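Peer 1: Pasting in a structure now, in structure tokens, and then I'll have a few things to ask.
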Amino acid sequence: MSAAQNPPSATPPVVLCFSASDPTGGAGMQADLLTLASLGCHPLSVLTALTVQDTAGVEAVLPIDSGWIADQARALLEDIPIAAFKLGMLGSVEAIAVIAEIISDYPDIPLVLDPVLASGRGDQFAGEEMIDAMVSLLLPQTTILTPNSLEARRLAQETGEDDSGGSPNLIECARRLVLAGCEYVLVTGTHESTPQVINTLYGSHGTVRSDTWERLPGSFHGSGCTLASAIAAHLASGTDVVEAVQGAQEYTWRTLQGGFRPGMGQFIPDRLFWSRDDDDDEDAERDSADADDKH
Ligand code: PXL
């Protein structure tokens with residue numbers, strides 16, 4: 001059969017990402033694209049901001065005009081059926097408002113919200129107004145929110161629940177976030193001082209599952225984006241939330257285990273670890289086959 005007669009291949013599950021560019025390829029849109037492609041999805045990318053950064057930290061953020069964000073998204077949504085939304089760094093209150101309006105037209109599509117509030121070094125990406133907008137406009141439309149413990153505490157403070165009891169524990173923060181409207185919250189424990197990393201999934205009835213992971217040495221750039229995109233990939237493929245969370249954590253842990261340090265700053269997760277796994281074995285096999293041929 002000639003190439004022209006080949007039937008079209010089936011379209012992989014399509015995930016629409018709203019994220020900012022990270023030119024290092026560690027976090028942001030670049031992390032989303034690598035993760036989703038690695039897990040068999042086709043990613044669509046609506047850029048919300050540009051950044052100037054290296055692997056040590058973020059120097060500058062240029063939010064994209066919210067009208068441009070809306071135009072990028074509407075053009076895609078009118079053309080391509082999508083299986084999940086993934087939201088990362090959003091850049092401005094105006095961006096949050098237009099994205100909230102757009103996604104409200106697709107209430108049945110699962111939505112993963114990674115509430116990016118700061119970089120690993122602590123560069124702040126979101127002020128109080130943006131956090132307020134996320135809580136009031138996006139949380140009620142979110143299938144699963146994926147804050148680290150610092151983000152969970154900051155977001156919970158903005159839910160308007162009584163704070164008179166002092167700093168709430170993570171279970172209480174998760175309860176408030178679910179009350180604010182998201183279906184599930186996965187709080188990651190990298191920033192806690194526990195010997196191992198404990199990630200906990202909460203739903204409307206409290207804790208759903210808790211997973212404990214060996215704490216790997218080194219500091220990583222883009223682990224949160226990888227985890228959230230991996231959850232979106234599993235949901236887009238039809239997996240339920242609890243299994244998606246399990247599969248995405250396993251994948252993310254392997255990307256961290258295979259992480260590399262391309263510059264002078266943080267390590268970057270290797271989203272394509274599987275494409276490199278067998279290199280040594282293959283080289284060894286090739287060498288031994290060459291040696292056999294020569295006998
Ligand atoms: O890791 C969170 C994150 C997301 N998106 C962009 C980033 C960062 C962290 O630096 O730069 C664009």
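Please note that chains go A, B, ... in the order of the structure tokens, that every chain numbers its residues from 1, and that ligands are numbered from 1 in the order shown.
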What does the list of residues within 8 Å of ligand 1 look like if you count only C-alpha atoms and all ligand atoms, written as a VMD selection string?
Peer 2: chain A and resid 19 to 22 26 to 29 49 to 51 53 57 to 58 88 to 89 116 to 121 123 221 to 225
Peer 1: For the residues in the current selection, export C-alpha atoms as a CSV table (one decimal), in the first residue's frame.
Peer 2:
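To be explicit, this is the file written out as part03.csv:
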```csv
chain,number,residue,atom,x,y,z
A,19,SER,CA,0.9,27.4,31.0
A,20,ALA,CA,3.9,29.7,30.8
A,21,SER,CA,7.1,29.2,28.8
A,22,ASP,CA,10.1,28.0,30.7
A,26,GLY,CA,12.5,22.2,33.2
A,27,ALA,CA,9.1,23.5,34.2
A,28,GLY,CA,6.1,25.2,32.6
A,29,MET,CA,4.7,24.5,29.2
A,49,ALA,CA,3.3,34.1,29.9
A,50,LEU,CA,6.9,34.2,28.8
A,51,THR,CA,9.7,34.0,31.4
A,53,GLN,CA,15.1,32.2,33.6
A,57,GLY,CA,15.7,30.9,39.2
A,58,VAL,CA,13.3,33.2,37.4
A,88,GLY,CA,-0.2,25.8,35.3
A,89,MET,CA,1.2,29.4,35.8
A,116,VAL,CA,1.8,27.7,40.6
A,117,LEU,CA,2.5,30.5,43.1
A,118,ALA,CA,6.3,30.6,43.3
A,119,SER,CA,9.4,29.1,41.7
A,120,GLY,CA,11.6,26.6,43.6
A,121,ARG,CA,13.9,29.4,44.6
A,123,ASP,CA,10.4,33.9,43.1
A,221,HIS,CA,12.9,22.2,38.8
A,222,GLY,CA,9.5,21.1,37.2
A,223,SER,CA,8.5,18.2,39.4
A,224,GLY,CA,5.1,19.8,40.2
A,225,CYS,CA,4.4,20.5,36.5
```
Peer 1: Leaving out Pro262 (chain A) and any residue of its chain fewer than 3 positions from it, which residues lie within 10 Å of it when counting only C-alpha atoms, given as a PDB file with N, CA, C and O atoms, in the first residue's frame?
Peer 2:
```pdb
ATOM      1  N   THR A  24      14.185  26.886  29.964  1.00  0.00           N
ATOM      2  CA  THR A  24      15.141  25.834  30.347  1.00  0.00           C
ATOM      3  C   THR A  24      14.615  24.447  29.997  1.00  0.00           C
ATOM      4  O   THR A  24      15.359  23.464  30.018  1.00  0.00           O
ATOM      5  N   GLY A  26      12.693  22.891  31.921  1.00  0.00           N
ATOM      6  CA  GLY A  26      12.518  22.179  33.196  1.00  0.00           C
ATOM      7  C   GLY A  26      11.083  22.165  33.667  1.00  0.00           C
ATOM      8  O   GLY A  26      10.564  21.129  34.086  1.00  0.00           O
ATOM      9  N   THR A  55      18.417  27.617  35.180  1.00  0.00           N
ATOM     10  CA  THR A  55      18.044  26.530  36.083  1.00  0.00           C
ATOM     11  C   THR A  55      18.175  26.936  37.564  1.00  0.00           C
ATOM     12  O   THR A  55      17.806  26.159  38.439  1.00  0.00           O
ATOM     13  N   GLY A 259      16.628  12.106  36.805  1.00  0.00           N
ATOM     14  CA  GLY A 259      16.845  13.534  36.545  1.00  0.00           C
ATOM     15  C   GLY A 259      18.295  13.861  36.213  1.00  0.00           C
ATOM     16  O   GLY A 259      19.210  13.118  36.568  1.00  0.00           O
ATOM     17  N   GLY A 265      22.259  25.147  38.129  1.00  0.00           N
ATOM     18  CA  GLY A 265      21.224  25.251  39.152  1.00  0.00           C
ATOM     19  C   GLY A 265      20.604  23.907  39.498  1.00  0.00           C
ATOM     20  O   GLY A 265      21.308  22.942  39.789  1.00  0.00           O
ATOM     21  N   GLN A 266      19.269  23.860  39.393  1.00  0.00           N
ATOM     22  CA  GLN A 266      18.540  22.670  39.837  1.00  0.00           C
ATOM     23  C   GLN A 266      18.610  21.510  38.835  1.00  0.00           C
ATOM     24  O   GLN A 266      18.953  21.712  37.659  1.00  0.00           O
ATOM     25  N   PHE A 267      18.244  20.341  39.323  1.00  0.00           N
ATOM     26  CA  PHE A 267      18.074  19.170  38.455  1.00  0.00           C
ATOM     27  C   PHE A 267      16.739  19.299  37.707  1.00  0.00           C
ATOM     28  O   PHE A 267      15.801  19.936  38.195  1.00  0.00           O
ATOM     29  N   ILE A 268      16.668  18.635  36.553  1.00  0.00           N
ATOM     30  CA  ILE A 268      15.446  18.622  35.745  1.00  0.00           C
ATOM     31  C   ILE A 268      14.971  17.177  35.633  1.00  0.00           C
ATOM     32  O   ILE A 268      15.794  16.277  35.380  1.00  0.00           O
TER      33      ILE A 268
END
```
Peer 1: Tell me which protein, DNA and RNA residues are within 9 Å of Ala97 (chain A), counting only C-alpha atoms, leaving out same-chain ones fewer than 3 positions away, and put them as a ChimeraX atom specification.
Peer 2: /A:66,92-94,100-102,133-134,137-138
Peer 1: Within region 89-274 of chain A, find each residue whose DSSP state, derived from the backbone, is helix (DSSP H, G or I), and express the selection as number ranges by chain.
Peer 2: A: 93-103, 128-141, 149-157, 170-179, 223-236, 241-257, 273-274
Peer 1: When distances are computed from only C-alpha atoms, which of A:Ala73, A:Ala156, A:Ile82, A:Leu111 shows the smallest separation from Val98 (chain A)?
Peer 2: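 Closest to Val98 (chain A), using only C-alpha atoms: A:Ala73.
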Peer 1: Mind the document's chain letters and residue numbers, and return as an MDAnalysis selection string the residues of region 135-239 of chain A that DSSP labels strand (DSSP E or B).
Peer 2: chainID A and resid 144:145 148 184:188 197:203 206:213 220
Peer 1: Can you list, as a compact mmCIF listing (two decimals) with C-alpha atoms, in the first residue's frame, every protein, DNA or RNA residue that comes within 9 Å of Pro269 (chain A) when you count only C-alpha atoms, leaving out same-chain residues fewer than 2 positions away?
Peer 2:
```
# COMPACT_ATOMS: atom_id res chain seq x y z
CA GLY A 26 12.52 22.18 33.20
CA ALA A 31 7.46 20.26 31.03
CA PHE A 220 14.33 19.65 41.18
CA HIS A 221 12.85 22.18 38.78
CA GLY A 222 9.53 21.14 37.24
CA SER A 223 8.47 18.21 39.40
CA THR A 226 5.35 16.91 35.64
CA THR A 252 7.02 11.37 38.21
CA TRP A 253 9.22 9.52 40.70
CA ARG A 254 10.96 7.76 37.83
CA THR A 255 11.51 11.08 36.02
CA LEU A 256 13.13 12.43 39.20
CA GLN A 257 15.21 9.30 39.74
CA GLY A 258 16.50 9.74 36.16
CA GLY A 259 16.84 13.53 36.54
CA PHE A 260 19.84 15.40 35.15
CA ARG A 261 21.56 18.72 35.84
CA PHE A 267 18.07 19.17 38.46
CA ARG A 271 10.34 12.91 31.22
CA LEU A 272 11.78 10.63 28.54
CA PHE A 273 13.73 8.35 30.92
```
Peer 1: Go through A:Ser45, A:Gln249, A:Ser204, A:Ser136 one by one, measure the shortest atom-to-atom distance of each to Leu77 (chain A) using only C-alpha atoms, and give the residue with the smallest value.
Peer 2: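 Of A:Ser45, A:Gln249, A:Ser204, A:Ser136, the one nearest Leu77 (chain A) is A:Ser45, counting only C-alpha atoms.
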